[in-house]
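Next comes target-v6.pdb, with PDB, C-alpha atoms.
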ATOM      1  CA  MET F  10      77.731 103.551  81.058  1.00  0.00           C
ATOM      2  CA  ASP F  11      76.546 104.717  77.639  1.00  0.00           C
ATOM      3  CA  GLU F  12      73.201 102.894  77.623  1.00  0.00           C
ATOM      4  CA  VAL F  13      72.288 103.961  81.146  1.00  0.00           C
ATOM      5  CA  LEU F  14      73.309 107.512  80.298  1.00  0.00           C
ATOM      6  CA  LYS F  15      71.142 107.555  77.181  1.00  0.00           C
ATOM      7  CA  GLU F  16      68.133 106.282  79.130  1.00  0.00           C
ATOM      8  CA  ASN F  17      68.644 109.005  81.729  1.00  0.00           C
ATOM      9  CA  ILE F  18      68.886 111.662  79.014  1.00  0.00           C
ATOM     10  CA  VAL F  19      65.523 110.717  77.510  1.00  0.00           C
ATOM     11  CA  SER F  20      63.834 110.652  80.919  1.00  0.00           C
ATOM     12  CA  LEU F  21      65.335 113.952  82.074  1.00  0.00           C
ATOM     13  CA  LEU F  22      64.392 115.800  78.906  1.00  0.00           C
ATOM     14  CA  LYS F  23      60.822 114.552  79.142  1.00  0.00           C
ATOM     15  CA  ASP F  24      60.546 115.767  82.740  1.00  0.00           C
ATOM     16  CA  PHE F  25      62.293 119.052  81.954  1.00  0.00           C
ATOM     17  CA  LYS F  26      59.743 119.984  79.289  1.00  0.00           C
ATOM     18  CA  ILE F  27      57.024 119.894  81.944  1.00  0.00           C
ATOM     19  CA  PHE F  28      59.191 121.757  84.449  1.00  0.00           C
ATOM     20  CA  TRP F  29      60.155 124.496  81.971  1.00  0.00           C
ATOM     21  CA  LYS F  30      56.573 125.065  80.879  1.00  0.00           C
ATOM     22  CA  GLU F  31      55.589 125.756  84.490  1.00  0.00           C
ATOM     23  CA  LYS F  32      58.677 127.832  85.241  1.00  0.00           C
ATOM     24  CA  GLN F  33      57.965 130.206  82.361  1.00  0.00           C
ATOM     25  CA  LYS F  34      54.708 131.240  84.006  1.00  0.00           C
ATOM     26  CA  ASP F  35      56.654 133.062  86.730  1.00  0.00           C
ATOM     27  CA  ASP F  36      57.626 136.552  85.507  1.00  0.00           C
ATOM     28  CA  ASN F  37      59.062 137.780  88.809  1.00  0.00           C
ATOM     29  CA  LEU F  38      62.778 138.455  89.085  1.00  0.00           C
ATOM     30  CA  PRO F  39      64.566 137.498  92.309  1.00  0.00           C
ATOM     31  CA  ASP F  40      65.107 140.232  94.898  1.00  0.00           C
ATOM     32  CA  ILE F  41      68.846 140.109  95.564  1.00  0.00           C
ATOM     33  CA  GLU F  42      70.934 142.533  97.583  1.00  0.00           C
ATOM     34  CA  ASP F  43      73.698 144.329  95.697  1.00  0.00           C
ATOM     35  CA  SER F  44      76.392 142.695  97.819  1.00  0.00           C
ATOM     36  CA  LYS F  45      74.988 139.232  97.164  1.00  0.00           C
ATOM     37  CA  LEU F  46      74.832 139.880  93.432  1.00  0.00           C
ATOM     38  CA  ALA F  47      78.448 141.084  93.412  1.00  0.00           C
ATOM     39  CA  SER F  48      79.570 137.967  95.279  1.00  0.00           C
ATOM     40  CA  MET F  49      78.215 135.811  92.437  1.00  0.00           C
ATOM     41  CA  ILE F  50      80.240 137.507  89.679  1.00  0.00           C
ATOM     42  CA  ASP F  51      83.438 136.168  88.127  1.00  0.00           C
ATOM     43  CA  HIS F  52      84.914 139.448  86.814  1.00  0.00           C
ATOM     44  CA  THR F  53      86.294 138.321  83.468  1.00  0.00           C
ATOM     45  CA  LEU F  54      88.981 139.434  81.028  1.00  0.00           C
ATOM     46  CA  LEU F  55      89.967 136.726  78.552  1.00  0.00           C
ATOM     47  CA  LYS F  56      90.596 138.739  75.394  1.00  0.00           C
ATOM     48  CA  PRO F  57      93.876 137.814  73.709  1.00  0.00           C
ATOM     49  CA  GLU F  58      94.908 141.484  73.577  1.00  0.00           C
ATOM     50  CA  ALA F  59      94.482 142.006  77.350  1.00  0.00           C
ATOM     51  CA  THR F  60      97.414 143.849  78.946  1.00  0.00           C
ATOM     52  CA  SER F  61      98.909 143.779  82.427  1.00  0.00           C
ATOM     53  CA  GLU F  62      97.529 147.228  83.097  1.00  0.00           C
ATOM     54  CA  GLN F  63      94.018 146.059  82.197  1.00  0.00           C
ATOM     55  CA  VAL F  64      94.366 143.004  84.417  1.00  0.00           C
ATOM     56  CA  GLN F  65      95.509 145.192  87.333  1.00  0.00           C
ATOM     57  CA  LYS F  66      92.424 147.339  86.816  1.00  0.00           C
ATOM     58  CA  LEU F  67      90.282 144.181  86.748  1.00  0.00           C
ATOM     59  CA  CYS F  68      91.716 143.146  90.118  1.00  0.00           C
ATOM     60  CA  ALA F  69      91.184 146.611  91.619  1.00  0.00           C
ATOM     61  CA  GLU F  70      87.543 146.564  90.508  1.00  0.00           C
ATOM     62  CA  ALA F  71      87.073 143.076  91.902  1.00  0.00           C
ATOM     63  CA  LYS F  72      88.469 144.121  95.284  1.00  0.00           C
ATOM     64  CA  GLU F  73      86.360 147.265  95.397  1.00  0.00           C
ATOM     65  CA  ASN F  74      83.155 145.414  94.611  1.00  0.00           C
ATOM     66  CA  ASN F  75      83.890 142.115  96.412  1.00  0.00           C
ATOM     67  CA  PHE F  76      83.374 139.997  93.312  1.00  0.00           C
ATOM     68  CA  ALA F  77      83.704 136.226  93.627  1.00  0.00           C
ATOM     69  CA  SER F  78      86.787 136.077  91.431  1.00  0.00           C
ATOM     70  CA  VAL F  79      88.703 137.475  88.536  1.00  0.00           C
ATOM     71  CA  CYS F  80      88.852 135.137  85.542  1.00  0.00           C
ATOM     72  CA  VAL F  81      91.971 135.533  83.402  1.00  0.00           C
ATOM     73  CA  ASN F  82      94.232 133.617  81.077  1.00  0.00           C
ATOM     74  CA  SER F  83      96.906 131.656  82.907  1.00  0.00           C
ATOM     75  CA  SER F  84      99.846 133.952  82.083  1.00  0.00           C
ATOM     76  CA  TYR F  85      98.240 136.546  84.365  1.00  0.00           C
ATOM     77  CA  ILE F  86      97.751 134.254  87.372  1.00  0.00           C
ATOM     78  CA  PRO F  87     100.905 135.456  89.211  1.00  0.00           C
ATOM     79  CA  LEU F  88      99.921 139.093  88.713  1.00  0.00           C
ATOM     80  CA  CYS F  89      96.405 138.464  90.018  1.00  0.00           C
ATOM     81  CA  ASP F  90      97.746 136.430  92.914  1.00  0.00           C
ATOM     82  CA  ASP F  91      99.882 139.412  93.941  1.00  0.00           C
ATOM     83  CA  GLU F  92      97.101 141.945  93.448  1.00  0.00           C
ATOM     84  CA  LEU F  93      94.464 139.932  95.335  1.00  0.00           C
ATOM     85  CA  ARG F  94      96.524 138.562  98.201  1.00  0.00           C
ATOM     86  CA  ASN F  95      94.822 138.939 101.603  1.00  0.00           C
ATOM     87  CA  THR F  96      91.421 139.505  99.972  1.00  0.00           C
ATOM     88  CA  ASP F  97      88.411 137.227  99.546  1.00  0.00           C
ATOM     89  CA  VAL F  98      88.526 137.533  95.750  1.00  0.00           C
ATOM     90  CA  LYS F  99      89.618 134.296  94.096  1.00  0.00           C
ATOM     91  CA  VAL F 100      91.828 133.859  91.064  1.00  0.00           C
ATOM     92  CA  CYS F 101      90.105 131.867  88.324  1.00  0.00           C
ATOM     93  CA  THR F 102      91.720 130.696  85.106  1.00  0.00           C
ATOM     94  CA  VAL F 103      90.696 128.685  82.059  1.00  0.00           C
ATOM     95  CA  ILE F 104      91.960 125.263  80.982  1.00  0.00           C
ATOM     96  CA  GLY F 105      92.042 124.015  77.389  1.00  0.00           C
ATOM     97  CA  PHE F 106      90.637 127.385  76.420  1.00  0.00           C
ATOM     98  CA  PRO F 107      88.804 128.201  74.244  1.00  0.00           C
ATOM     99  CA  LEU F 108      88.392 125.062  72.112  1.00  0.00           C
ATOM    100  CA  GLY F 109      88.775 122.224  74.617  1.00  0.00           C
ATOM    101  CA  ALA F 110      90.327 120.062  71.899  1.00  0.00           C
ATOM    102  CA  VAL F 111      93.842 119.668  73.312  1.00  0.00           C
ATOM    103  CA  ILE F 112      94.853 116.268  74.678  1.00  0.00           C
ATOM    104  CA  THR F 113      93.899 115.415  78.241  1.00  0.00           C
ATOM    105  CA  ASP F 114      97.517 115.320  79.454  1.00  0.00           C
ATOM    106  CA  VAL F 115      97.931 118.957  78.443  1.00  0.00           C
ATOM    107  CA  LYS F 116      94.801 119.964  80.366  1.00  0.00           C
ATOM    108  CA  GLU F 117      96.026 118.049  83.394  1.00  0.00           C
ATOM    109  CA  VAL F 118      99.450 119.695  83.392  1.00  0.00           C
ATOM    110  CA  GLU F 119      97.946 123.121  82.692  1.00  0.00           C
ATOM    111  CA  THR F 120      95.673 122.691  85.691  1.00  0.00           C
ATOM    112  CA  SER F 121      98.516 121.668  87.987  1.00  0.00           C
ATOM    113  CA  ILE F 122     100.745 124.574  86.941  1.00  0.00           C
ATOM    114  CA  SER F 123      97.884 127.089  87.126  1.00  0.00           C
ATOM    115  CA  ILE F 124      97.034 126.130  90.690  1.00  0.00           C
ATOM    116  CA  ALA F 125     100.720 126.163  91.685  1.00  0.00           C
ATOM    117  CA  LEU F 126     100.928 129.733  90.339  1.00  0.00           C
ATOM    118  CA  GLY F 127      97.989 130.852  92.485  1.00  0.00           C
ATOM    119  CA  ALA F 128      94.704 129.917  90.802  1.00  0.00           C
ATOM    120  CA  ASN F 129      91.924 128.954  93.227  1.00  0.00           C
ATOM    121  CA  GLU F 130      89.415 128.003  90.534  1.00  0.00           C
ATOM    122  CA  VAL F 131      89.752 126.458  87.067  1.00  0.00           C
ATOM    123  CA  ASP F 132      87.174 126.558  84.269  1.00  0.00           C
ATOM    124  CA  MET F 133      87.939 123.722  81.853  1.00  0.00           C
ATOM    125  CA  VAL F 134      86.507 123.276  78.352  1.00  0.00           C
ATOM    126  CA  ILE F 135      85.223 119.840  77.401  1.00  0.00           C
ATOM    127  CA  ASN F 136      86.199 118.116  74.177  1.00  0.00           C
ATOM    128  CA  VAL F 137      83.051 119.036  72.246  1.00  0.00           C
ATOM    129  CA  GLY F 138      83.881 116.824  69.271  1.00  0.00           C
ATOM    130  CA  ALA F 139      84.230 113.746  71.485  1.00  0.00           C
ATOM    131  CA  LEU F 140      80.870 114.495  73.097  1.00  0.00           C
ATOM    132  CA  LYS F 141      79.218 114.811  69.682  1.00  0.00           C
ATOM    133  CA  GLU F 142      80.650 111.419  68.706  1.00  0.00           C
ATOM    134  CA  ASN F 143      79.061 109.976  71.866  1.00  0.00           C
ATOM    135  CA  ASP F 144      82.499 109.046  73.190  1.00  0.00           C
ATOM    136  CA  PHE F 145      81.255 109.553  76.728  1.00  0.00           C
ATOM    137  CA  GLU F 146      84.119 107.601  78.276  1.00  0.00           C
ATOM    138  CA  TYR F 147      86.677 109.952  76.727  1.00  0.00           C
ATOM    139  CA  VAL F 148      84.762 113.039  77.853  1.00  0.00           C
ATOM    140  CA  ARG F 149      84.445 111.690  81.395  1.00  0.00           C
ATOM    141  CA  ASN F 150      88.136 110.831  81.631  1.00  0.00           C
ATOM    142  CA  ASP F 151      89.082 114.225  80.182  1.00  0.00           C
ATOM    143  CA  ILE F 152      87.009 116.062  82.795  1.00  0.00           C
ATOM    144  CA  LYS F 153      88.039 113.762  85.634  1.00  0.00           C
ATOM    145  CA  ALA F 154      91.741 114.311  84.958  1.00  0.00           C
ATOM    146  CA  VAL F 155      91.292 118.035  85.572  1.00  0.00           C
ATOM    147  CA  VAL F 156      88.870 117.562  88.475  1.00  0.00           C
ATOM    148  CA  ASP F 157      91.223 115.164  90.251  1.00  0.00           C
ATOM    149  CA  VAL F 158      94.118 117.633  90.105  1.00  0.00           C
ATOM    150  CA  ALA F 159      91.891 120.477  91.271  1.00  0.00           C
ATOM    151  CA  VAL F 160      90.439 118.516  94.179  1.00  0.00           C
ATOM    152  CA  GLU F 161      93.860 117.250  95.260  1.00  0.00           C
ATOM    153  CA  LYS F 162      95.162 120.815  95.373  1.00  0.00           C
ATOM    154  CA  GLY F 163      92.055 122.340  96.992  1.00  0.00           C
ATOM    155  CA  ALA F 164      90.749 124.198  93.935  1.00  0.00           C
ATOM    156  CA  VAL F 165      87.260 124.436  92.431  1.00  0.00           C
ATOM    157  CA  CYS F 166      86.641 122.988  88.964  1.00  0.00           C
ATOM    158  CA  LYS F 167      83.973 124.330  86.606  1.00  0.00           C
ATOM    159  CA  VAL F 168      83.240 122.431  83.393  1.00  0.00           C
ATOM    160  CA  ILE F 169      82.427 124.523  80.312  1.00  0.00           C
ATOM    161  CA  ILE F 170      80.100 122.514  78.078  1.00  0.00           C
ATOM    162  CA  GLU F 171      79.686 125.168  75.308  1.00  0.00           C
ATOM    163  CA  THR F 172      75.893 125.070  75.055  1.00  0.00           C
ATOM    164  CA  SER F 173      75.651 127.005  71.786  1.00  0.00           C
ATOM    165  CA  LEU F 174      77.294 124.072  69.993  1.00  0.00           C
ATOM    166  CA  LEU F 175      75.161 121.341  71.579  1.00  0.00           C
ATOM    167  CA  SER F 176      71.737 119.781  71.169  1.00  0.00           C
ATOM    168  CA  ASP F 177      69.554 119.378  74.268  1.00  0.00           C
ATOM    169  CA  GLU F 178      70.540 115.714  74.437  1.00  0.00           C
ATOM    170  CA  GLU F 179      74.220 116.645  74.344  1.00  0.00           C
ATOM    171  CA  LYS F 180      73.760 119.320  77.015  1.00  0.00           C
ATOM    172  CA  VAL F 181      72.170 116.767  79.330  1.00  0.00           C
ATOM    173  CA  ALA F 182      74.912 114.239  78.572  1.00  0.00           C
ATOM    174  CA  ALA F 183      77.637 116.794  79.307  1.00  0.00           C
ATOM    175  CA  CYS F 184      76.034 117.690  82.642  1.00  0.00           C
ATOM    176  CA  LEU F 185      75.595 114.061  83.680  1.00  0.00           C
ATOM    177  CA  ILE F 186      79.176 113.233  82.720  1.00  0.00           C
ATOM    178  CA  SER F 187      80.478 116.268  84.639  1.00  0.00           C
ATOM    179  CA  LYS F 188      78.528 115.043  87.637  1.00  0.00           C
ATOM    180  CA  LEU F 189      80.027 111.554  87.307  1.00  0.00           C
ATOM    181  CA  ALA F 190      83.511 113.063  87.027  1.00  0.00           C
ATOM    182  CA  GLY F 191      83.119 114.930  90.328  1.00  0.00           C
ATOM    183  CA  ALA F 192      83.091 118.518  89.038  1.00  0.00           C
ATOM    184  CA  HIS F 193      81.902 121.380  91.243  1.00  0.00           C
ATOM    185  CA  PHE F 194      80.135 123.447  88.549  1.00  0.00           C
ATOM    186  CA  VAL F 195      78.876 123.150  85.009  1.00  0.00           C
ATOM    187  CA  LYS F 196      79.257 126.320  82.963  1.00  0.00           C
ATOM    188  CA  THR F 197      77.417 127.353  79.817  1.00  0.00           C
ATOM    189  CA  SER F 198      79.975 128.946  77.538  1.00  0.00           C
ATOM    190  CA  THR F 199      83.457 130.222  76.800  1.00  0.00           C
ATOM    191  CA  GLY F 200      82.031 133.264  75.035  1.00  0.00           C
ATOM    192  CA  PHE F 201      84.294 132.474  72.074  1.00  0.00           C
ATOM    193  CA  ALA F 202      82.097 130.016  70.138  1.00  0.00           C
ATOM    194  CA  GLY F 203      79.148 132.223  69.227  1.00  0.00           C
ATOM    195  CA  GLY F 204      76.066 132.447  71.389  1.00  0.00           C
ATOM    196  CA  GLY F 205      76.144 132.466  75.161  1.00  0.00           C
ATOM    197  CA  ALA F 206      74.044 131.710  78.193  1.00  0.00           C
ATOM    198  CA  THR F 207      70.266 131.444  77.853  1.00  0.00           C
ATOM    199  CA  GLU F 208      67.740 131.105  80.638  1.00  0.00           C
ATOM    200  CA  ARG F 209      66.486 127.824  79.220  1.00  0.00           C
ATOM    201  CA  ASP F 210      69.980 126.316  79.038  1.00  0.00           C
ATOM    202  CA  VAL F 211      70.757 127.371  82.601  1.00  0.00           C
ATOM    203  CA  ALA F 212      67.448 125.928  83.815  1.00  0.00           C
ATOM    204  CA  LEU F 213      68.102 122.682  81.934  1.00  0.00           C
ATOM    205  CA  MET F 214      71.602 122.372  83.370  1.00  0.00           C
ATOM    206  CA  LYS F 215      70.391 123.006  86.918  1.00  0.00           C
ATOM    207  CA  PHE F 216      67.516 120.568  86.436  1.00  0.00           C
ATOM    208  CA  VAL F 217      70.001 117.861  85.443  1.00  0.00           C
ATOM    209  CA  VAL F 218      72.673 118.406  88.111  1.00  0.00           C
ATOM    210  CA  GLY F 219      70.297 119.285  90.954  1.00  0.00           C
ATOM    211  CA  GLU F 220      71.981 120.125  94.231  1.00  0.00           C
ATOM    212  CA  ASP F 221      75.057 118.039  93.441  1.00  0.00           C
ATOM    213  CA  LEU F 222      76.673 120.711  91.267  1.00  0.00           C
ATOM    214  CA  LYS F 223      76.315 124.445  90.805  1.00  0.00           C
ATOM    215  CA  VAL F 224      75.733 126.221  87.499  1.00  0.00           C
ATOM    216  CA  LYS F 225      77.761 129.108  86.111  1.00  0.00           C
ATOM    217  CA  ALA F 226      76.110 131.209  83.415  1.00  0.00           C
ATOM    218  CA  SER F 227      78.559 132.892  81.068  1.00  0.00           C
ATOM    219  CA  GLY F 228      78.333 134.683  77.737  1.00  0.00           C
ATOM    220  CA  GLY F 229      76.150 137.667  76.911  1.00  0.00           C
ATOM    221  CA  ILE F 230      75.343 138.764  80.480  1.00  0.00           C
ATOM    222  CA  ARG F 231      75.577 142.525  80.102  1.00  0.00           C
ATOM    223  CA  ASN F 232      73.126 144.125  82.552  1.00  0.00           C
ATOM    224  CA  ARG F 233      71.313 143.608  85.842  1.00  0.00           C
ATOM    225  CA  LYS F 234      68.218 142.128  84.221  1.00  0.00           C
ATOM    226  CA  ASP F 235      70.329 139.563  82.362  1.00  0.00           C
ATOM    227  CA  ALA F 236      72.056 138.655  85.615  1.00  0.00           C
ATOM    228  CA  LEU F 237      68.827 138.278  87.584  1.00  0.00           C
ATOM    229  CA  ASN F 238      67.235 136.194  84.846  1.00  0.00           C
ATOM    230  CA  MET F 239      70.185 133.801  84.953  1.00  0.00           C
ATOM    231  CA  ILE F 240      69.988 133.557  88.741  1.00  0.00           C
ATOM    232  CA  LYS F 241      66.256 132.946  88.519  1.00  0.00           C
ATOM    233  CA  ALA F 242      66.940 130.130  86.042  1.00  0.00           C
ATOM    234  CA  GLY F 243      69.339 128.472  88.489  1.00  0.00           C
ATOM    235  CA  ALA F 244      72.773 130.057  88.095  1.00  0.00           C
ATOM    236  CA  GLU F 245      74.852 130.471  91.247  1.00  0.00           C
ATOM    237  CA  ARG F 246      77.809 132.122  89.524  1.00  0.00           C
ATOM    238  CA  LEU F 247      77.932 134.602  86.639  1.00  0.00           C
ATOM    239  CA  GLY F 248      80.848 134.963  84.267  1.00  0.00           C
ATOM    240  CA  THR F 249      80.853 138.399  82.700  1.00  0.00           C
ATOM    241  CA  SER F 250      83.092 141.215  81.534  1.00  0.00           C
ATOM    242  CA  SER F 251      80.252 143.631  82.417  1.00  0.00           C
ATOM    243  CA  GLY F 252      80.431 143.247  86.184  1.00  0.00           C
ATOM    244  CA  ILE F 253      80.971 146.954  86.837  1.00  0.00           C
ATOM    245  CA  GLN F 254      78.017 147.950  84.671  1.00  0.00           C
ATOM    246  CA  ILE F 255      75.809 145.388  86.396  1.00  0.00           C
ATOM    247  CA  ILE F 256      76.740 146.557  89.886  1.00  0.00           C
ATOM    248  CA  ASN F 257      76.485 150.251  89.021  1.00  0.00           C
ATOM    249  CA  GLU F 258      73.053 149.634  87.561  1.00  0.00           C
ATOM    250  CA  ALA F 259      72.047 147.781  90.709  1.00  0.00           C
ATOM    251  CA  LYS F 260      73.247 150.632  92.913  1.00  0.00           C
ATOM    252  CA  ASN F 261      71.576 153.311  90.812  1.00  0.00           C
ATOM    253  CA  ARG F 262      68.245 151.619  90.161  1.00  0.00           C
TER     254      ARG F 262
END
Produce structure tokens that represent the structure in this file.
Amino acid sequence: MDEVLKENIVSLLKDFKIFWKEKQKDDNLPDIEDSKLASMIDHTLLKPEATSEQVQKLCAEAKENNFASVCVNSSYIPLCDDELRNTDVKVCTVIGFPLGAVITDVKEVETSISIALGANEVDMVINVGALKENDFEYVRNDIKAVVDVAVEKGAVCKVIIETSLLSDEEKVAACLISKLAGAHFVKTSTGFAGGGATERDVALMKFVVGEDLKVKASGGIRNRKDALNMIKAGAERLGTSSGIQIINEAKNR
């Protein structure tokens, strides 16, 4: 697998350079209805000091604005499940967060318990160190363990590749491996490793996964322009703690 993967990485990066050069010539932002923009937002609260009261407020805001989901740490899944029952807002949680360096068995069990508690979507962090060592088989098996549990239980799995820590070659490898493992999304960042989503990274990720996977942009998306730039680059979901500001700005523009 490794040699074929490496050949694909070189070819994809060569083609992407041409693609990105052309894409940068287009300065127009997409024209998206407020309701559509809201439906692409994972309303996020992952701070370690988050309280139950803050999570309840997060859920109320998500219901009011018809966000795609709330994204919370797993201890708050039952609360969110109660607050969001009989709504279209999903409960999203994070697996192996924020480092991704726990053993695969832990990620697998965490995924199973999280879904049993009420999570509809799981965002799992890859083992970045293993990727950097080119241990592609380990990374694939790590992702696939979580994906398999999610698919079996009817949940969506997003794979956080932590772009700010990766070279372009490693970003492409992570996306290709996520694709091989059967993930539903690739996601840019945890927001806890410095840096965040960039238009170029989102475009690169979408270029690599094509229509087989979706891309979630996360980290540093604080206003409507940021959001639209990420969507223009290829993002179909936005992870942000600034969802209310983005929607209010959209309504008041």
Please report as CSV every residue of segment 163-257 of chain F lying within 6 Å of segment 45-66 of chain F, along with the nearest atom pair and their distance in Å (one decimal), using only C-alpha atoms.
residue,atom,partner,partner_atom,distance
F:Arg246,CA,F:Met49,CA,4.7
F:Leu247,CA,F:Ile50,CA,4.8
F:Gly248,CA,F:Asp51,CA,4.8
F:Thr249,CA,F:Thr53,CA,5.5
F:Ser250,CA,F:Thr53,CA,4.7
F:Gly252,CA,F:His52,CA,5.9
Using all atoms listed in the file, find the one residue out of F:Met214, F:Val103, F:Ile240, F:Val224 that sits nearest to Phe25 of chain F.
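Of F:Met214, F:Val103, F:Ile240, F:Val224, the one nearest Phe25 of chain F, counting all atoms listed in the file, is F:Met214.
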Kindly resolve the PyMOL selection byres ((chain F and resi 258) around 12) on the present coordinates and return the residues as a tab-separated table (two decimals) with C-alpha atoms, in the coordinates of the input.
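File part-v7.tsv, as written:
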chain	number	residue	atom	x	y	z
F	43	ASP	CA	73.70	144.33	95.70
F	46	LEU	CA	74.83	139.88	93.43
F	47	ALA	CA	78.45	141.08	93.41
F	231	ARG	CA	75.58	142.52	80.10
F	232	ASN	CA	73.13	144.12	82.55
F	233	ARG	CA	71.31	143.61	85.84
F	234	LYS	CA	68.22	142.13	84.22
F	235	ASP	CA	70.33	139.56	82.36
F	236	ALA	CA	72.06	138.66	85.62
F	251	SER	CA	80.25	143.63	82.42
F	252	GLY	CA	80.43	143.25	86.18
F	253	ILE	CA	80.97	146.95	86.84
F	254	GLN	CA	78.02	147.95	84.67
F	255	ILE	CA	75.81	145.39	86.40
F	256	ILE	CA	76.74	146.56	89.89
F	257	ASN	CA	76.48	150.25	89.02
F	259	ALA	CA	72.05	147.78	90.71
F	260	LYS	CA	73.25	150.63	92.91
F	261	ASN	CA	71.58	153.31	90.81
F	262	ARG	CA	68.24	151.62	90.16
The PyMOL selection byres ((chain F and resi 156-162) around 12) - which residues does that actually catch in the file I just gave you? List them as a PyMOL selection string.
chain F and resi 101-102+104+113-114+116-135+149-155+163-168+187-195
Grab the atom CA of Gly204 of chain F to atom CA of Gly229 of chain F distance for me, in Å with one decimal place.
7.6 Å
Take the PyMOL selection byres ((chain F and resi 15) around 12), apply it to the structure above, and return the hits as a PDB file with C-alpha atoms, in the frame of the given file.
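Saved as expr22.pdb:
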ATOM      1  CA  MET F  10      77.731 103.551  81.058  1.00  0.00           C
ATOM      2  CA  ASP F  11      76.546 104.717  77.639  1.00  0.00           C
ATOM      3  CA  GLU F  12      73.201 102.894  77.623  1.00  0.00           C
ATOM      4  CA  VAL F  13      72.288 103.961  81.146  1.00  0.00           C
ATOM      5  CA  LEU F  14      73.309 107.512  80.298  1.00  0.00           C
ATOM      6  CA  GLU F  16      68.133 106.282  79.130  1.00  0.00           C
ATOM      7  CA  ASN F  17      68.644 109.005  81.729  1.00  0.00           C
ATOM      8  CA  ILE F  18      68.886 111.662  79.014  1.00  0.00           C
ATOM      9  CA  VAL F  19      65.523 110.717  77.510  1.00  0.00           C
ATOM     10  CA  SER F  20      63.834 110.652  80.919  1.00  0.00           C
ATOM     11  CA  LEU F  21      65.335 113.952  82.074  1.00  0.00           C
ATOM     12  CA  LEU F  22      64.392 115.800  78.906  1.00  0.00           C
ATOM     13  CA  ASN F 143      79.061 109.976  71.866  1.00  0.00           C
ATOM     14  CA  PHE F 145      81.255 109.553  76.728  1.00  0.00           C
ATOM     15  CA  GLU F 178      70.540 115.714  74.437  1.00  0.00           C
ATOM     16  CA  GLU F 179      74.220 116.645  74.344  1.00  0.00           C
ATOM     17  CA  VAL F 181      72.170 116.767  79.330  1.00  0.00           C
ATOM     18  CA  ALA F 182      74.912 114.239  78.572  1.00  0.00           C
ATOM     19  CA  ALA F 183      77.637 116.794  79.307  1.00  0.00           C
ATOM     20  CA  LEU F 185      75.595 114.061  83.680  1.00  0.00           C
ATOM     21  CA  ILE F 186      79.176 113.233  82.720  1.00  0.00           C
TER      22      ILE F 186
END
How many Å separate atom CA of Ile41 of chain F from atom CA of Ala226 of chain F?
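A separation of 16.7 Å between them.
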Given all atoms listed in the file as the basis, pick out the residue of F:Asn74, F:Ser227, F:Asn37, F:Thr197 nearest to Leu175 of chain F.
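Residue with the minimum atom-to-atom distance to Leu175 of chain F: F:Thr197.
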Can you list, as a ChimeraX atom specification, every protein, DNA or RNA residue that comes within 8 Å of segment 198-203 of chain F when you count all atoms listed in the file, leaving out same-chain residues fewer than 2 positions away?
/F:106-107,134,169-174,196,205-206,226-229
Measure the distance from atom CA of Lys23 of chain F to atom CA of Asp36 of chain F in Å and round it to one decimal.
23.1 Å
Kindly write segment 182-193 of chain F with N, CA and C atoms to a file, as an mmCIF file, in the first residue's frame.
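decode_7.cif written:
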data_model
loop_
_atom_site.group_PDB
_atom_site.id
_atom_site.type_symbol
_atom_site.label_atom_id
_atom_site.label_comp_id
_atom_site.auth_asym_id
_atom_site.auth_seq_id
_atom_site.Cartn_x
_atom_site.Cartn_y
_atom_site.Cartn_z
ATOM 1 N N ALA F 182 -1.619 12.257 2.229
ATOM 2 C CA ALA F 182 -1.607 10.877 2.731
ATOM 3 C C ALA F 182 -2.754 10.640 3.700
ATOM 4 N N ALA F 183 -2.962 11.578 4.622
ATOM 5 C CA ALA F 183 -4.033 11.433 5.613
ATOM 6 C C ALA F 183 -5.399 11.355 4.947
ATOM 7 N N CYS F 184 -5.604 12.160 3.912
ATOM 8 C CA CYS F 184 -6.889 12.150 3.199
ATOM 9 C C CYS F 184 -7.087 10.838 2.443
ATOM 10 N N LEU F 185 -6.046 10.371 1.779
ATOM 11 C CA LEU F 185 -6.148 9.112 1.040
ATOM 12 C C LEU F 185 -6.392 7.937 1.981
ATOM 13 N N ILE F 186 -5.709 7.939 3.116
ATOM 14 C CA ILE F 186 -5.898 6.861 4.090
ATOM 15 C C ILE F 186 -7.306 6.901 4.681
ATOM 16 N N SER F 187 -7.811 8.098 4.961
ATOM 17 C CA SER F 187 -9.183 8.235 5.472
ATOM 18 C C SER F 187 -10.189 7.693 4.465
ATOM 19 N N LYS F 188 -9.905 7.952 3.213
ATOM 20 C CA LYS F 188 -10.763 7.458 2.127
ATOM 21 C C LYS F 188 -10.741 5.925 2.090
ATOM 22 N N LEU F 189 -9.539 5.357 2.198
ATOM 23 C CA LEU F 189 -9.398 3.900 2.200
ATOM 24 C C LEU F 189 -10.093 3.268 3.400
ATOM 25 N N ALA F 190 -10.103 3.993 4.516
ATOM 26 C CA ALA F 190 -10.699 3.459 5.750
ATOM 27 C C ALA F 190 -12.214 3.590 5.781
ATOM 28 N N GLY F 191 -12.793 4.282 4.802
ATOM 29 C CA GLY F 191 -14.251 4.378 4.711
ATOM 30 C C GLY F 191 -14.881 5.513 5.476
ATOM 31 N N ALA F 192 -14.092 6.538 5.835
ATOM 32 C CA ALA F 192 -14.634 7.679 6.579
ATOM 33 C C ALA F 192 -15.639 8.455 5.738
ATOM 34 N N HIS F 193 -16.448 9.268 6.411
ATOM 35 C CA HIS F 193 -17.445 10.095 5.724
ATOM 36 C C HIS F 193 -16.932 11.504 5.435
#
